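The data block below is data-v2.txt; it holds compact mmCIF, C-alpha atoms.
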```
# COMPACT_ATOMS: atom_id res chain seq x y z
CA MET A 181 116.83 110.79 129.63
CA PRO A 182 113.47 112.21 128.42
CA ARG A 183 110.33 110.83 129.98
CA PRO A 184 108.29 108.26 128.02
CA GLY A 185 105.29 109.12 125.85
CA LEU A 186 101.79 107.67 125.67
CA TYR A 187 99.98 107.25 122.34
CA LEU A 188 96.31 106.38 121.80
CA HIS A 189 95.13 105.46 118.31
CA VAL A 190 91.56 106.50 117.49
CA PRO A 191 90.72 104.62 114.26
CA PHE A 192 87.59 106.42 113.09
CA CYS A 193 87.27 108.68 110.05
CA SER A 194 84.16 110.15 108.43
CA ALA A 195 85.71 109.15 105.08
CA ILE A 196 88.89 107.21 104.29
CA CYS A 197 91.36 109.11 102.13
CA PRO A 198 92.65 107.25 99.05
CA TYR A 199 96.31 107.62 100.10
CA CYS A 200 95.88 106.43 103.70
CA ASP A 201 97.30 103.09 104.84
CA PHE A 202 96.78 103.63 108.57
CA ALA A 203 94.43 101.44 110.62
CA VAL A 204 91.25 103.44 110.07
CA THR A 205 87.59 102.62 109.69
CA ARG A 206 84.20 104.30 109.47
CA GLY A 207 81.73 103.86 112.29
CA GLY A 208 78.67 105.42 113.84
CA ALA A 209 78.04 106.48 117.41
CA GLY A 210 77.51 102.90 118.63
CA ARG A 211 80.79 101.65 117.28
CA ARG A 212 82.67 104.65 118.64
CA ALA A 213 81.16 104.02 122.07
CA ALA A 214 82.29 100.39 121.92
CA TYR A 215 85.79 101.58 121.00
CA VAL A 216 85.91 103.89 124.03
CA GLU A 217 84.91 101.01 126.32
CA ALA A 218 87.65 98.81 124.86
CA ALA A 219 90.30 101.54 125.07
CA VAL A 220 89.46 102.15 128.72
CA ALA A 221 89.75 98.40 129.33
CA GLU A 222 93.07 98.20 127.47
CA ALA A 223 94.49 100.95 129.68
CA GLY A 224 93.36 98.88 132.65
CA LEU A 225 95.29 95.87 131.35
CA TRP A 226 98.46 97.96 131.70
CA ALA A 227 97.75 99.16 135.24
CA GLY A 228 100.92 98.67 137.28
CA ARG A 229 102.69 96.91 134.39
CA TRP A 230 104.45 99.75 132.57
CA ARG A 231 107.96 99.36 133.94
CA ALA A 232 109.62 102.58 132.79
CA ALA A 233 110.89 104.52 135.79
CA GLU A 234 109.46 107.87 134.74
CA ALA A 235 105.84 108.93 134.23
CA PHE A 236 104.49 109.83 130.77
CA ASP A 237 104.94 113.55 130.11
CA THR A 238 103.19 113.54 126.70
CA VAL A 239 99.87 112.02 125.67
CA TYR A 240 99.09 111.92 121.95
CA LEU A 241 95.66 111.12 120.49
CA GLY A 242 96.15 110.27 116.82
CA GLY A 243 94.31 108.39 114.15
CA GLY A 244 92.14 108.32 112.32
CA THR A 245 90.35 111.39 113.54
CA PRO A 246 90.21 111.77 117.35
CA SER A 247 88.12 114.92 116.97
CA LEU A 248 85.21 112.72 115.80
CA LEU A 249 84.76 111.56 119.39
CA ALA A 250 82.36 113.52 121.58
CA ALA A 251 83.82 115.63 124.37
CA GLY A 252 82.42 113.21 126.95
CA GLU A 253 84.10 110.27 125.24
CA LEU A 254 87.45 112.06 125.10
CA GLU A 255 87.10 113.05 128.74
CA ARG A 256 86.40 109.43 129.72
CA LEU A 257 89.44 108.21 127.78
CA LEU A 258 91.75 110.75 129.34
CA ALA A 259 90.43 109.98 132.82
CA ALA A 260 91.09 106.26 132.27
CA LEU A 261 94.62 106.91 131.07
CA GLY A 262 95.33 108.99 134.17
CA ARG A 263 93.68 106.43 136.46
CA HIS A 264 95.46 103.32 135.17
CA LEU A 265 98.80 104.68 133.94
CA PRO A 266 101.54 106.93 135.39
CA VAL A 267 100.70 110.17 133.57
CA ALA A 268 102.71 113.06 134.98
CA PRO A 269 100.87 116.14 136.26
CA GLY A 270 100.86 118.76 133.51
CA ALA A 271 101.61 116.23 130.76
CA ARG A 272 101.27 117.81 127.32
CA LEU A 273 98.21 116.64 125.41
CA PHE A 274 98.31 116.42 121.61
CA LEU A 275 95.24 115.81 119.46
CA GLU A 276 94.65 115.48 115.72
CA ALA A 277 91.57 117.05 114.11
CA ASN A 278 90.12 117.64 110.68
CA PRO A 279 89.15 121.18 109.62
CA GLU A 280 85.48 120.20 109.21
CA ASP A 281 85.36 119.28 112.92
CA ALA A 282 86.90 122.55 114.11
CA SER A 283 83.77 124.49 115.00
CA PRO A 284 84.12 127.13 117.73
CA ALA A 285 82.09 124.93 120.08
CA LYS A 286 84.27 121.86 119.44
CA LEU A 287 87.47 123.86 119.82
CA ALA A 288 86.24 125.26 123.14
CA GLU A 289 85.57 121.70 124.35
CA LEU A 290 89.07 120.59 123.35
CA ARG A 291 90.66 123.55 125.15
CA GLU A 292 88.60 122.69 128.23
CA LEU A 293 89.97 119.12 128.07
CA GLY A 294 93.50 120.52 128.21
CA VAL A 295 94.66 119.97 124.64
CA SER A 296 97.96 121.85 124.32
CA THR A 297 98.78 121.04 120.68
CA LEU A 298 96.05 120.81 118.08
CA SER A 299 97.13 119.35 114.74
CA LEU A 300 94.83 120.20 111.82
CA GLY A 301 94.84 117.94 108.76
CA VAL A 302 94.58 120.68 106.14
CA GLN A 303 96.82 118.95 103.53
CA SER A 304 96.43 121.73 100.94
CA PHE A 305 94.93 125.14 100.24
CA ASP A 306 94.35 124.26 96.58
CA PRO A 307 90.86 122.97 95.65
CA ARG A 308 92.30 120.68 92.94
CA ALA A 309 94.68 119.04 95.40
CA LEU A 310 91.98 118.68 98.05
CA LYS A 311 89.70 116.93 95.55
CA PHE A 312 92.46 114.57 94.41
CA LEU A 313 93.36 113.72 98.02
CA GLY A 314 89.74 112.94 98.84
CA ARG A 315 89.52 115.59 101.54
CA ARG A 316 86.04 116.65 102.62
CA HIS A 317 86.76 120.23 103.64
CA THR A 318 86.98 123.26 101.38
CA LEU A 319 89.74 125.83 101.14
CA GLU A 320 87.56 128.32 103.05
CA ALA A 321 86.81 125.78 105.79
CA ALA A 322 90.53 125.12 106.24
CA ARG A 323 91.23 128.83 106.59
CA ARG A 324 88.44 129.22 109.14
CA ALA A 325 89.65 126.20 111.13
CA VAL A 326 93.22 127.44 111.48
CA ALA A 327 92.09 130.96 112.39
CA ALA A 328 89.55 129.63 114.90
CA ALA A 329 92.12 127.31 116.53
CA LEU A 330 94.51 130.20 116.98
CA GLU A 331 91.71 132.36 118.35
CA ALA A 332 90.73 129.58 120.79
CA GLY A 333 94.14 129.92 122.42
CA PHE A 334 95.76 126.51 121.95
CA PRO A 335 99.41 126.89 123.02
CA THR A 336 100.47 125.24 119.75
CA VAL A 337 98.45 125.00 116.54
CA SER A 338 99.96 122.80 113.85
CA VAL A 339 98.98 122.48 110.18
CA ASP A 340 99.58 119.25 108.26
CA LEU A 341 100.32 119.54 104.53
CA ILE A 342 101.04 117.02 101.76
CA PHE A 343 103.32 117.72 98.80
CA GLY A 344 104.53 115.67 95.85
CA LEU A 345 101.16 115.13 94.17
CA PRO A 346 101.11 114.41 90.42
CA GLU A 347 101.77 117.64 88.54
CA GLU A 348 98.24 117.93 87.14
CA HIS A 349 96.95 118.14 90.73
CA GLN A 350 99.69 120.21 92.38
CA GLY A 351 102.42 121.97 90.42
CA LEU A 352 105.23 123.90 92.07
CA ASP A 353 103.26 127.15 91.79
CA SER A 354 100.28 125.53 93.50
CA LEU A 355 102.54 124.21 96.26
CA ARG A 356 104.02 127.65 96.77
CA ARG A 357 100.54 129.18 97.09
CA THR A 358 99.58 126.57 99.70
CA LEU A 359 102.77 127.28 101.65
CA GLU A 360 102.26 131.04 101.44
CA GLU A 361 98.65 130.68 102.55
CA THR A 362 99.84 128.61 105.50
CA VAL A 363 102.46 131.18 106.44
CA ALA A 364 99.88 133.99 106.20
CA LEU A 365 97.67 132.20 108.74
CA ALA A 366 100.69 131.96 111.09
CA PRO A 367 100.26 128.61 112.85
CA HIS A 368 102.98 127.77 115.34
CA HIS A 369 104.01 124.55 113.62
CA VAL A 370 103.83 122.95 110.16
CA SER A 371 104.22 119.29 109.22
CA CYS A 372 104.79 118.74 105.51
CA TYR A 373 104.78 115.14 104.30
CA GLN A 374 105.56 113.82 100.84
CA LEU A 375 102.74 111.81 99.28
CA THR A 376 103.48 108.09 99.40
CA PHE A 377 101.68 105.54 97.23
CA HIS A 378 101.14 102.57 99.57
CA GLN A 379 100.22 99.15 98.24
CA GLY A 380 96.62 98.22 98.97
CA THR A 381 95.34 101.80 98.97
CA PRO A 382 93.29 103.26 96.10
CA PHE A 383 96.28 105.40 95.13
CA GLY A 384 98.59 102.39 95.23
CA ARG A 385 96.26 100.42 92.98
CA GLY A 386 95.93 103.41 90.64
CA LEU A 387 99.70 103.67 90.39
CA ALA A 388 100.00 99.95 89.60
CA ARG A 389 97.40 100.27 86.81
CA GLY A 390 99.04 103.36 85.37
CA VAL A 391 96.01 105.53 86.16
CA ILE A 392 98.09 107.70 88.50
CA ARG A 393 101.59 108.85 87.70
CA GLU A 394 104.09 109.37 90.49
CA LEU A 395 106.00 112.63 90.42
CA PRO A 396 109.48 112.19 88.87
CA GLU A 397 112.29 112.21 91.45
CA PRO A 398 113.85 115.50 90.24
CA THR A 399 110.46 117.20 90.56
CA GLN A 400 109.95 115.65 94.00
CA ALA A 401 113.29 117.13 95.06
CA ALA A 402 112.31 120.51 93.63
CA ALA A 403 109.01 120.37 95.53
CA TYR A 404 110.79 119.67 98.82
CA GLU A 405 113.25 122.49 98.13
CA ARG A 406 110.22 124.77 97.65
CA VAL A 407 108.88 123.64 101.04
CA ILE A 408 112.20 124.44 102.75
CA GLU A 409 112.58 127.72 100.88
CA VAL A 410 109.16 129.19 101.71
CA LEU A 411 108.86 127.96 105.29
CA ALA A 412 112.42 128.78 106.33
CA ALA A 413 112.14 132.28 104.86
CA ALA A 414 109.04 132.82 107.00
CA GLY A 415 110.82 131.77 110.20
CA TYR A 416 109.72 128.13 110.36
CA GLU A 417 112.85 126.25 111.36
CA PRO A 418 113.10 122.66 110.13
CA TYR A 419 113.91 120.46 113.12
CA GLU A 420 113.11 117.19 111.36
CA VAL A 421 112.75 116.37 107.67
CA SER A 422 108.97 116.88 107.69
CA ASN A 423 108.50 119.21 110.65
CA PHE A 424 108.92 122.97 111.06
CA ALA A 425 108.40 125.15 114.11
CA ARG A 426 108.13 128.93 114.31
CA ARG A 427 109.83 130.98 116.97
CA THR A 428 107.27 133.15 118.75
CA PRO A 429 107.87 136.30 120.80
CA ASP A 430 107.04 134.50 124.06
CA GLY A 431 109.95 132.10 123.47
CA ALA A 432 107.71 129.01 123.52
CA ASP A 433 109.09 125.79 122.05
CA HIS A 434 106.56 124.62 119.45
CA ARG A 435 108.51 121.53 118.37
CA SER A 436 106.65 118.27 118.99
CA ALA A 437 107.78 116.98 122.37
CA HIS A 438 105.95 113.72 121.66
CA ASN A 439 107.13 112.86 118.15
CA ARG A 440 110.72 113.60 119.09
CA LYS A 441 110.56 110.56 121.37
CA TYR A 442 110.20 108.33 118.32
CA TRP A 443 113.35 109.82 116.80
CA ASP A 444 115.68 109.32 119.76
CA HIS A 445 114.55 105.92 121.12
CA THR A 446 112.72 107.29 124.14
CA PRO A 447 110.31 104.59 125.39
CA TYR A 448 106.62 104.96 124.60
CA LEU A 449 103.44 102.97 125.10
CA GLY A 450 100.82 102.70 122.37
CA LEU A 451 97.17 101.81 122.94
CA GLY A 452 94.44 101.25 120.38
CA PRO A 453 94.33 99.33 117.09
CA SER A 454 97.73 99.08 115.33
CA ALA A 455 99.51 101.17 118.00
CA HIS A 456 103.21 100.46 118.51
CA SER A 457 105.19 100.46 121.76
CA PHE A 458 108.89 100.51 122.61
CA ASP A 459 110.65 99.98 125.94
CA GLY A 460 114.19 100.78 124.84
CA ARG A 461 114.98 97.32 123.47
CA ARG A 462 111.73 95.54 122.64
CA ARG A 463 109.08 96.78 120.21
CA TRP A 464 105.55 95.40 119.96
CA TRP A 465 102.39 96.32 118.07
CA ASN A 466 98.66 95.81 118.45
CA LEU A 467 96.20 94.11 116.17
CA SER A 468 95.19 96.49 113.39
CA GLU A 469 91.58 95.50 112.79
CA GLU A 470 89.37 97.32 115.28
CA GLU A 471 86.89 94.52 115.94
CA ALA A 472 89.67 91.93 116.44
CA TRP A 473 91.38 94.38 118.80
CA ARG A 474 88.16 94.74 120.80
CA ARG A 475 87.56 90.96 120.99
CA ARG A 476 91.04 90.34 122.37
CA ILE A 477 90.55 92.97 125.08
CA ALA A 478 87.08 91.58 125.93
CA ALA A 479 88.82 88.25 126.60
CA GLY A 480 91.04 90.00 129.14
CA GLU A 481 94.16 89.81 126.97
CA ARG A 482 96.44 92.48 125.64
CA PRO A 483 95.76 92.85 121.89
CA VAL A 484 99.37 92.35 120.80
CA ALA A 485 99.85 91.14 117.21
CA GLY A 486 103.65 90.80 117.21
CA GLU A 487 106.91 91.90 118.75
CA GLU A 488 110.64 92.07 118.14
CA THR A 489 113.71 92.50 120.31
CA LEU A 490 116.33 94.71 118.71
CA SER A 491 120.00 93.83 118.75
CA ASP A 492 122.68 96.41 119.55
CA GLU A 493 123.43 96.68 115.84
CA GLU A 494 119.77 97.25 114.94
CA LEU A 495 119.46 99.95 117.61
CA ALA A 496 122.64 101.57 116.32
CA LEU A 497 121.37 101.50 112.75
CA GLU A 498 118.08 103.12 113.72
CA ALA A 499 119.75 105.72 115.94
CA LEU A 500 121.99 106.89 113.09
CA MET A 501 119.26 106.79 110.46
CA LEU A 502 116.74 108.68 112.56
CA GLY A 503 119.34 111.13 113.87
CA LEU A 504 120.24 112.13 110.33
CA ARG A 505 116.60 113.12 109.76
CA THR A 506 116.76 115.74 112.53
CA ALA A 507 118.40 119.14 112.71
CA GLU A 508 120.13 118.13 115.94
CA GLY A 509 121.72 115.21 114.13
CA VAL A 510 123.73 112.57 115.96
CA ASP A 511 125.49 113.38 119.25
CA LEU A 512 128.71 111.48 118.61
CA GLU A 513 129.84 111.25 122.22
CA ARG A 514 126.49 109.89 123.34
CA TYR A 515 126.51 107.52 120.38
CA ARG A 516 129.96 106.20 121.36
CA GLU A 517 128.87 105.75 124.96
CA ARG A 518 125.74 103.90 123.94
CA PHE A 519 127.04 101.70 121.13
CA GLY A 520 130.80 101.59 121.64
CA VAL A 521 131.67 102.86 118.18
CA ASP A 522 132.46 106.18 116.53
CA PRO A 523 130.51 106.22 113.24
CA VAL A 524 132.58 109.12 111.86
CA ALA A 525 135.96 107.56 112.61
CA ARG A 526 134.76 104.21 111.25
CA ASN A 527 133.55 105.84 108.03
CA GLN A 528 135.93 108.78 107.59
CA ALA A 529 136.12 108.66 103.80
CA LEU A 530 132.34 108.44 103.36
CA VAL A 531 131.69 111.27 105.83
CA GLU A 532 134.24 113.46 104.04
CA ARG A 533 132.45 112.85 100.74
CA LEU A 534 129.09 113.74 102.28
CA VAL A 535 130.54 116.91 103.81
CA GLU A 536 132.15 117.86 100.49
CA ALA A 537 128.81 117.30 98.72
CA GLY A 538 127.13 119.66 101.20
CA LEU A 539 124.84 116.96 102.59
CA VAL A 540 126.11 116.74 106.17
CA ALA A 541 128.13 118.86 108.58
CA ALA A 542 130.52 117.37 111.15
CA ALA A 543 131.27 119.90 113.86
CA GLY A 544 130.75 120.52 117.57
CA GLY A 545 130.69 116.81 118.34
CA ARG A 546 127.70 116.21 116.10
CA LEU A 547 126.97 114.81 112.67
CA ARG A 548 124.08 116.83 111.22
CA PRO A 549 122.26 116.91 107.89
CA THR A 550 122.31 120.22 106.03
CA LEU A 551 119.13 121.62 104.54
CA ARG A 552 120.21 120.04 101.27
CA GLY A 553 120.85 116.79 103.13
CA PHE A 554 117.31 116.79 104.47
CA ALA A 555 116.08 116.25 100.91
CA VAL A 556 117.94 112.94 100.67
CA ALA A 557 117.88 111.97 104.36
CA ASP A 558 116.68 108.42 103.77
CA GLY A 559 119.73 107.66 101.63
CA LEU A 560 122.44 109.40 103.63
CA PRO A 561 123.65 106.46 105.76
CA VAL A 562 123.81 103.86 102.96
CA GLY A 563 127.26 102.26 102.99
CA VAL A 564 128.06 103.14 106.61
CA GLN A 565 129.69 100.50 108.79
CA ILE A 566 128.43 100.44 112.38
CA VAL A 567 129.76 97.23 113.87
CA ALA A 568 131.22 94.66 111.53
CA ALA A 569 128.59 94.48 108.83
CA PRO A 570 127.90 97.17 106.22
CA TRP A 571 124.82 99.30 106.58
CA ARG A 572 121.93 97.68 104.82
CA GLU A 573 119.73 99.77 102.57
CA THR A 574 116.58 100.63 104.43
CA SER A 575 113.84 103.18 104.76
CA ILE A 576 112.08 104.85 107.65
CA PRO A 577 110.75 102.12 109.98
CA ALA A 578 107.08 101.31 109.54
CA TRP A 579 106.60 101.44 113.30
CA ILE A 580 106.74 105.23 113.40
CA PRO A 581 103.05 106.03 113.98
CA TRP A 582 102.98 109.21 111.91
CA ALA A 583 105.22 108.09 109.05
CA GLY A 584 103.47 108.41 105.71
```

Take the structure in the file and give it back as structure tokens.
Amino acid sequence: MPRPGLYLHVPFCSAICPYCDFAVTRGGAGRRAAYVEAAVAEAGLWAGRWRAAEAFDTVYLGGGTPSLLAAGELERLLAALGRHLPVAPGARLFLEANPEDASPAKLAELRELGVSTLSLGVQSFDPRALKFLGRRHTLEAARRAVAAALEAGFPTVSVDLIFGLPEEHQGLDSLRRTLEETVALAPHHVSCYQLTFHQGTPFGRGLARGVIRELPEPTQAAAYERVIEVLAAAGYEPYEVSNFARRTPDGADHRSAHNRKYWDHTPYLGLGPSAHSFDGRRRWWNLSEEEAWRRRIAAGERPVAGEETLSDEELALEALMLGLRTAEGVDLERYRERFGVDPVARNQALVERLVEAGLVAAAGGRLRPTLRGFAVADGLPVGVQIVAAPWRETSIPAWIPWAG
């Protein structure tokens, strides 16, 4: 089994994007310093209590914007994680950054800290789209950031993009130009997420009032097909619905070793406001509001807001749903060993229809989505029987830290 992963949520942003529903806040140097103290203390609350047999081999700093923290603050956090928790020697370190923070000096500091994967929140190379999304960087700044990150020598540089904006802000031609610009810069990895209008966000409220119009479903599908078309043609292999990795001459694997843990039920521990954790059966999550999170830790208590214990059926449902969002698909033998059921044999007629429609492939002991199936991955399992009850309609679990 893969080793567990460690996630630390850094909630600070210089500005909060209108589409974002993550636990984020704005705060000056004093508030960031107080956060670092609390995060160090939270790691201490877990000292000797993480019961997974293996040490963490990935550490992911997400947010929010971890790159807003000073190098000294990041160094102190990483030292505390290593001091209180079983972090394996050579564990891969992932960190999210905004283009406006990616100065040569900052990038040099991050390389010195040992960051192996730097993920840049570019979102678009179209000024109209950047303005609509509330991003603070310019097209030129995004170009400079990606080029500088590659020049700084990070083993993996990833670019985050958003597609599916209303047509007046990002048509298919605009999306293609953004994708081609990304390809021309040659990052090692690309994450491309469809814009979601979450309730409670400015975009969600705008949609409810009719001020913003969501892209029609056929156009959304066409936009995703454009993403697949351009990135795959340039050598970026889709290994999950929203994630693409390029093969490089040195043979390095640029797929996210950390995020893949979320997709195959590998245990992980989450620290920081709103962070989720999973031990293989039980899932729990922290308080979302940063000050409430800090107060709980100051009282010497873990800042847990809630938890759930998953049944065998719930684990089976998630394993199939998440597996059908990845290029590797579902290993049927492992699935039978783990859950005592063959989902293909139990649902032969449905699987045959999906194969005939070109949405899945059943071969080599695996059930995999095709590229066409990726476009409708959330709906593929609907109607499947796992144990005795029919599959219930569902969407990607909210606990996935990067989902959105």

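Nearest residue to A:Trp473, choosing from A:Leu300, A:Glu394, A:Pro191, A:Asn439 and counting all atoms listed in the file: A:Pro191.
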
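You can rank A:Ala499, A:Val267, A:Val295, A:Val556 by their closest distance to A:Ala401 using only C-alpha atoms, and at the top of that list sits A:Val556.
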
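Atom pair atom CA of A:Gly480 / atom CA of A:Leu241: separated by 23.3 Å.
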
Inset, instruction - Using all atoms listed in the file, determine which residues lie at most 12 Å from A:Pro396, disregarding the query and same-chain residues fewer than 6 positions distant; provide the list as a VMD selection string. - result: chain A and resid 344 to 347 402 to 403

Legend entry - Length of the atom CA of A:Ala414 to atom CA of A:Arg505 vector [Å]: 21.3 Å

Axis-aligned box for all listed atoms of stretch 202-216 of chain A, 3 Å per side, centre and edges in Å to one decimal, as AutoDock Vina command-line options:
```
--center_x 87.1 --center_y 103.4 --center_z 116.3 --size_x 25.3 --size_y 12.1 --size_z 21.5
```

Legend entry - Residues near stretch 275-280 of chain A, cut-off 8 Å, all atoms listed in the file, skip fewer than 3 positions along chain, as a ChimeraX atom specification: /A:240-243,245-248,283,295,297-302,316-317,321-322,325-326

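A straight line drawn from atom CA of A:Pro367 to atom CA of A:Ile408 is 16.2 Å long.
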
Inset, instruction - Anything within 10 Å of (92.9, 106.8, 109.3): list those residues as a PyMOL selection string, counting all atoms listed in the file and sticking to the file's coordinates. - result: chain A and resi 189-197+199-206+242-246

Please dump the current selection as a PDB file, in the coordinates of the input; keep C-alpha atoms.
```pdb
ATOM      1  CA  HIS A 189      95.130 105.460 118.310  1.00  0.00           C
ATOM      2  CA  VAL A 190      91.560 106.500 117.490  1.00  0.00           C
ATOM      3  CA  PRO A 191      90.720 104.620 114.260  1.00  0.00           C
ATOM      4  CA  PHE A 192      87.590 106.420 113.090  1.00  0.00           C
ATOM      5  CA  CYS A 193      87.270 108.680 110.050  1.00  0.00           C
ATOM      6  CA  SER A 194      84.160 110.150 108.430  1.00  0.00           C
ATOM      7  CA  ALA A 195      85.710 109.150 105.080  1.00  0.00           C
ATOM      8  CA  ILE A 196      88.890 107.210 104.290  1.00  0.00           C
ATOM      9  CA  CYS A 197      91.360 109.110 102.130  1.00  0.00           C
ATOM     10  CA  TYR A 199      96.310 107.620 100.100  1.00  0.00           C
ATOM     11  CA  CYS A 200      95.880 106.430 103.700  1.00  0.00           C
ATOM     12  CA  ASP A 201      97.300 103.090 104.840  1.00  0.00           C
ATOM     13  CA  PHE A 202      96.780 103.630 108.570  1.00  0.00           C
ATOM     14  CA  ALA A 203      94.430 101.440 110.620  1.00  0.00           C
ATOM     15  CA  VAL A 204      91.250 103.440 110.070  1.00  0.00           C
ATOM     16  CA  THR A 205      87.590 102.620 109.690  1.00  0.00           C
ATOM     17  CA  ARG A 206      84.200 104.300 109.470  1.00  0.00           C
ATOM     18  CA  GLY A 242      96.150 110.270 116.820  1.00  0.00           C
ATOM     19  CA  GLY A 243      94.310 108.390 114.150  1.00  0.00           C
ATOM     20  CA  GLY A 244      92.140 108.320 112.320  1.00  0.00           C
ATOM     21  CA  THR A 245      90.350 111.390 113.540  1.00  0.00           C
ATOM     22  CA  PRO A 246      90.210 111.770 117.350  1.00  0.00           C
TER      23      PRO A 246
END
```
